2 protein chains.
Amino acid sequence: MSSEVTEPGTGPAGAAPTLSEVAKRAGVSSITVSRVVRMPDLVAPETRARVEQAMRDLGYIPNLVAGALASARTNSVGVLVPTIANSIFADTVQGLSDKLEPLGFSVILAQSRYDAAREDRMLAALLSRRPEAIIMVGSPATEEGSRLLRNARIPIVETWDLPANPIDAVAGFDNYKAGVAVAKHLVAQGRKHLAFIGGDDPRGTRRWFGFRDEALASGRAEPRRLILDRKDSGSVAAHARLPDVDAVFAANDAHAIGFMSGLRKAGLLRDGPASAQPVAVIGLGDLEMGQLISPTLSTISVHGDAIGRTAATLTLERGGERRIDLGFELVLRDSG
Amino acid sequence: MSSEVTEPGTGPAGAAPTLSEVAKRAGVSSITVSRVVRMPDLVAPETRARVEQAMRDLGYIPNLVAGALASARTNSVGVLVPTIANSIFADTVQGLSDKLEPLGFSVILAQSRYDAAREDRMLAALLSRRPEAIIMVGSPATEEGSRLLRNARIPIVETWDLPANPIDAVAGFDNYKAGVAVAKHLVAQGRKHLAFIGGDDPRGTRRWFGFRDEALASGRAEPRRLILDRKDSGSVAAHARLPDVDAVFAANDAHAIGFMSGLRKAGLLRDGPASAQPVAVIGLGDLEMGQLISPTLSTISVHGDAIGRTAATLTLERGGERRIDLGFELVLRDSG
DNA sequence: TTGTTCTATGTTAGCGCTAACATGGTGCGA
DNA sequence: TCGCACCATGTTAGCGCTAACATAGAACAA
């Protein structure tokens, strides 16, 4: 990345051409070139053609860094997710980026890896690039992160949850209610011994609380809660640690499918409908995969891409509702 | 995003504080503040403490846009992927971002959605932000894209393939050989009627060619090739369109699992080992999911995150090997 | 003492672009 | 014919920072 060495590529020698080089070549002033790039309608057709020719000749690529400094608009949005691999958050990133890219916004992506310190560092790093908005999964884990965002004076969208005191805008669903819905369903199905498996991140924990509260309210014993790390594989062995359980809510589909794999090994999985399952399993996320396995996975369906698109919209608009609940659906298939 | 309206947040009023405001408050010149931020060792401890206090008081966040313009270093890397949702490319993005973020680089993410025109637009958009390198999945689809990258005079890393005439650096594996390896295995297993399902993107097509060539070389009839769009679900019905086939190579695990789901409905899937399967299925990608389903999925394992990490390294280093073959492994489990 | 070498800090200029404000024509109604 | 609006283009200044080059004082050897 040093510049003393010969650079790759066979392009024109020397530094990238600038606005004023284009201007000189076209015999106009730089502002005219700038207008051709940004407001072509303001430039006379012949002048425009001459400038466009000069841009082509030189292989001019506008420098948005300089443009951003001069105009105080970066046309970029910072996006912070816990993780992007094997994750439903990828849907959200895809959704928001599909919405923002056509408008000329770039997505600056950062991962916190569920680490509060890293999250704060990434927030500071994002803000130092002066994005015009920040979209994040969840809410800042620390006071410091929260302060950074509040002071940033740009739209902030928290997603995948409905925080009580949002910094600014929200696009998500009620994780607590999702837990309630699952418990309600399992109880109605006559399940007696409930358990919850998943991470202990804020959203997972909120699901757990809803699940537990509803189970207790229905006269069941307090469900067991197994905290797993972020690898599906941990869930395979989970069954051994949950004897006598006849219904499991997994905080995400990957854990659910892993758990079912453990059940299969234990001979506790049927290819029949939910009523035939010795142990009911409900996931969350509605991965396409869930419909392809056998038995098909019952799950809480969440619209990850809609969350992303909505977050993008909230980023662009100032007025209107700033708290959007995209809800969820309990999709019943064969696993529970 | 307009600034006339009251901004959200409860932070200090007015615009974000600048270097020189911090300098004034600390009673030093701006360059000293700049040094405290970037090379603290050059500043006397007392001065540094005073400056740091001033930064805290004002809630100063460095403006990297201005810094980038002045220093001609943006500390950012452009990343272009076909798609990020439900995709193994997410592993690659995660890998490279894990490597780059600690070094102070930001990832600017763009998606082409397998659309050549959009790819060119995204490349131009990325370049206009003056990233210090570009990492992309595959190679530019058009001459124009190729030209843009060659003229950019920054490191370019093409991934997930081993192009014959790379623009600069490469981190990938041989998709053709992957197809060969699968065909070889299926033939050795005594399979007679081979088929390939998957997309017709460049890498999928390369896998197909390897698969077909090896099948023909082994005396099999030309395998059938079914081109599916990017939804797993298409693969469920694929079996109906491939009667008499006894071995299938799916260009990715999602398609493989979908196809197996179709087989199950047709009563052509056993819980036993590969030798018991009426139809062998091999995927590509080695999703964790593949080990959790039954029968477990045989697949070509590709190290998506290693590709990302390697690409990041190639981005940072100038010397050394610029073409890295990360290989693949045929992982045999129960599906074929 | 004098010159030399550090160390800590400052001054100047400019990165490439855009906002805001000219300017100089042209057309046209009164 | 004047005055005014309007269109196309230009001039000026500056966004917030950093590179490169001062400078001033302290430490120290000869």
# chains A, B, ... in the order shown; residues from 1 in each chain; ligands from 1

call {"tool": "closest_atom_pairs", "arguments": {"of": "chain A", "to": "chain C", "cutoff": "10 Å", "atoms": "only C-alpha atoms (C1' of nucleotides)", "output": "JSON lines"}}
result
{"residue": "A:Thr18", "atom": "CA", "partner": "C:DG16", "partner_atom": "C1'", "distance": 6.9}
{"residue": "A:Leu19", "atom": "CA", "partner": "C:DG16", "partner_atom": "C1'", "distance": 7.3}
{"residue": "A:Ser20", "atom": "CA", "partner": "C:DG16", "partner_atom": "C1'", "distance": 8.6}
{"residue": "A:Ser30", "atom": "CA", "partner": "C:DC17", "partner_atom": "C1'", "distance": 9.1}
{"residue": "A:Ile31", "atom": "CA", "partner": "C:DT18", "partner_atom": "C1'", "distance": 8.0}
{"residue": "A:Ser34", "atom": "CA", "partner": "C:DT18", "partner_atom": "C1'", "distance": 8.1}
{"residue": "A:Arg35", "atom": "CA", "partner": "C:DT18", "partner_atom": "C1'", "distance": 9.8}
{"residue": "A:Pro62", "atom": "CA", "partner": "C:DC17", "partner_atom": "C1'", "distance": 9.1}
{"residue": "A:Asn63", "atom": "CA", "partner": "C:DG16", "partner_atom": "C1'", "distance": 7.0}
{"residue": "A:Leu64", "atom": "CA", "partner": "C:DC17", "partner_atom": "C1'", "distance": 8.2}
{"residue": "A:Val65", "atom": "CA", "partner": "C:DG16", "partner_atom": "C1'", "distance": 8.2}
{"residue": "A:Ala66", "atom": "CA", "partner": "C:DC17", "partner_atom": "C1'", "distance": 4.9}
{"residue": "A:Gly67", "atom": "CA", "partner": "C:DC17", "partner_atom": "C1'", "distance": 4.7}
{"residue": "A:Ala68", "atom": "CA", "partner": "C:DC17", "partner_atom": "C1'", "distance": 7.9}
{"residue": "A:Leu69", "atom": "CA", "partner": "C:DC17", "partner_atom": "C1'", "distance": 7.6}
{"residue": "A:Ala70", "atom": "CA", "partner": "C:DT18", "partner_atom": "C1'", "distance": 5.2}
{"residue": "A:Ser71", "atom": "CA", "partner": "C:DT18", "partner_atom": "C1'", "distance": 5.6}
{"residue": "A:Ala72", "atom": "CA", "partner": "C:DT18", "partner_atom": "C1'", "distance": 9.3}

call {"tool": "interface_residues", "arguments": {"of": "chain D", "to": "chain B", "cutoff": "10 Å", "atoms": "only C-alpha atoms (C1' of nucleotides)", "output": "PyMOL selection string"}}
result
chain D and resi 15-19

call {"tool": "interface_residues", "arguments": {"of": "chain B", "to": "chain A", "cutoff": "7 Å", "atoms": "only C-alpha atoms", "output": "MDAnalysis selection string"}}
result
chainID B and resid 1 7:12 61:66 69 84:85 90:91 94 106:109 128:130 132 150:151 153:155 167:168 257:258 261 292:293 316 318

call {"tool": "residues_around", "arguments": {"residues": "stretch 178-190 of chain B", "least_positions_apart": "2", "cutoff": "9 Å", "atoms": "only C-alpha atoms (C1' of nucleotides)", "output": "ChimeraX atom specification"}}
result
/B:173-176,192,194,206-215,218,220,247-249,251,275,280,282,284,299-300,327-330,336

call {"tool": "atom_distance", "arguments": {"atom1": "atom CA of A:Val279", "atom2": "atom CA of A:Asp201"}}
result
25.2 Å

call {"tool": "residues_around", "arguments": {"residues": "A:Thr313", "least_positions_apart": "6", "cutoff": "9 Å", "atoms": "only C-alpha atoms (C1' of nucleotides)", "output": "ChimeraX atom specification"}}
result
/A:96,99-100

call {"tool": "write_last_selection", "arguments": {"atoms": "C-alpha atoms", "output": "CSV table (one decimal), in the first residue's frame"}}
result
chain,number,residue,atom,x,y,z
A,96,LEU,CA,-30.7,-1.8,4.0
A,99,LYS,CA,-32.3,0.4,-0.3
A,100,LEU,CA,-29.4,2.7,0.3

call {"tool": "select_by_dssp", "arguments": {"residues": "stretch 64-187 of chain A", "states": "alpha helix (DSSP H)", "output": "MDAnalysis selection string"}}
result
chainID A and resid 64:71 89:100 116:127 143:151 175:187

call {"tool": "select_by_dssp", "arguments": {"residues": "stretch 56-200 of chain A", "states": "strand (DSSP E)", "output": "PyMOL selection string"}}
result
chain A and resi 76-81+106-111+134-137+156-159+169-172+194-198
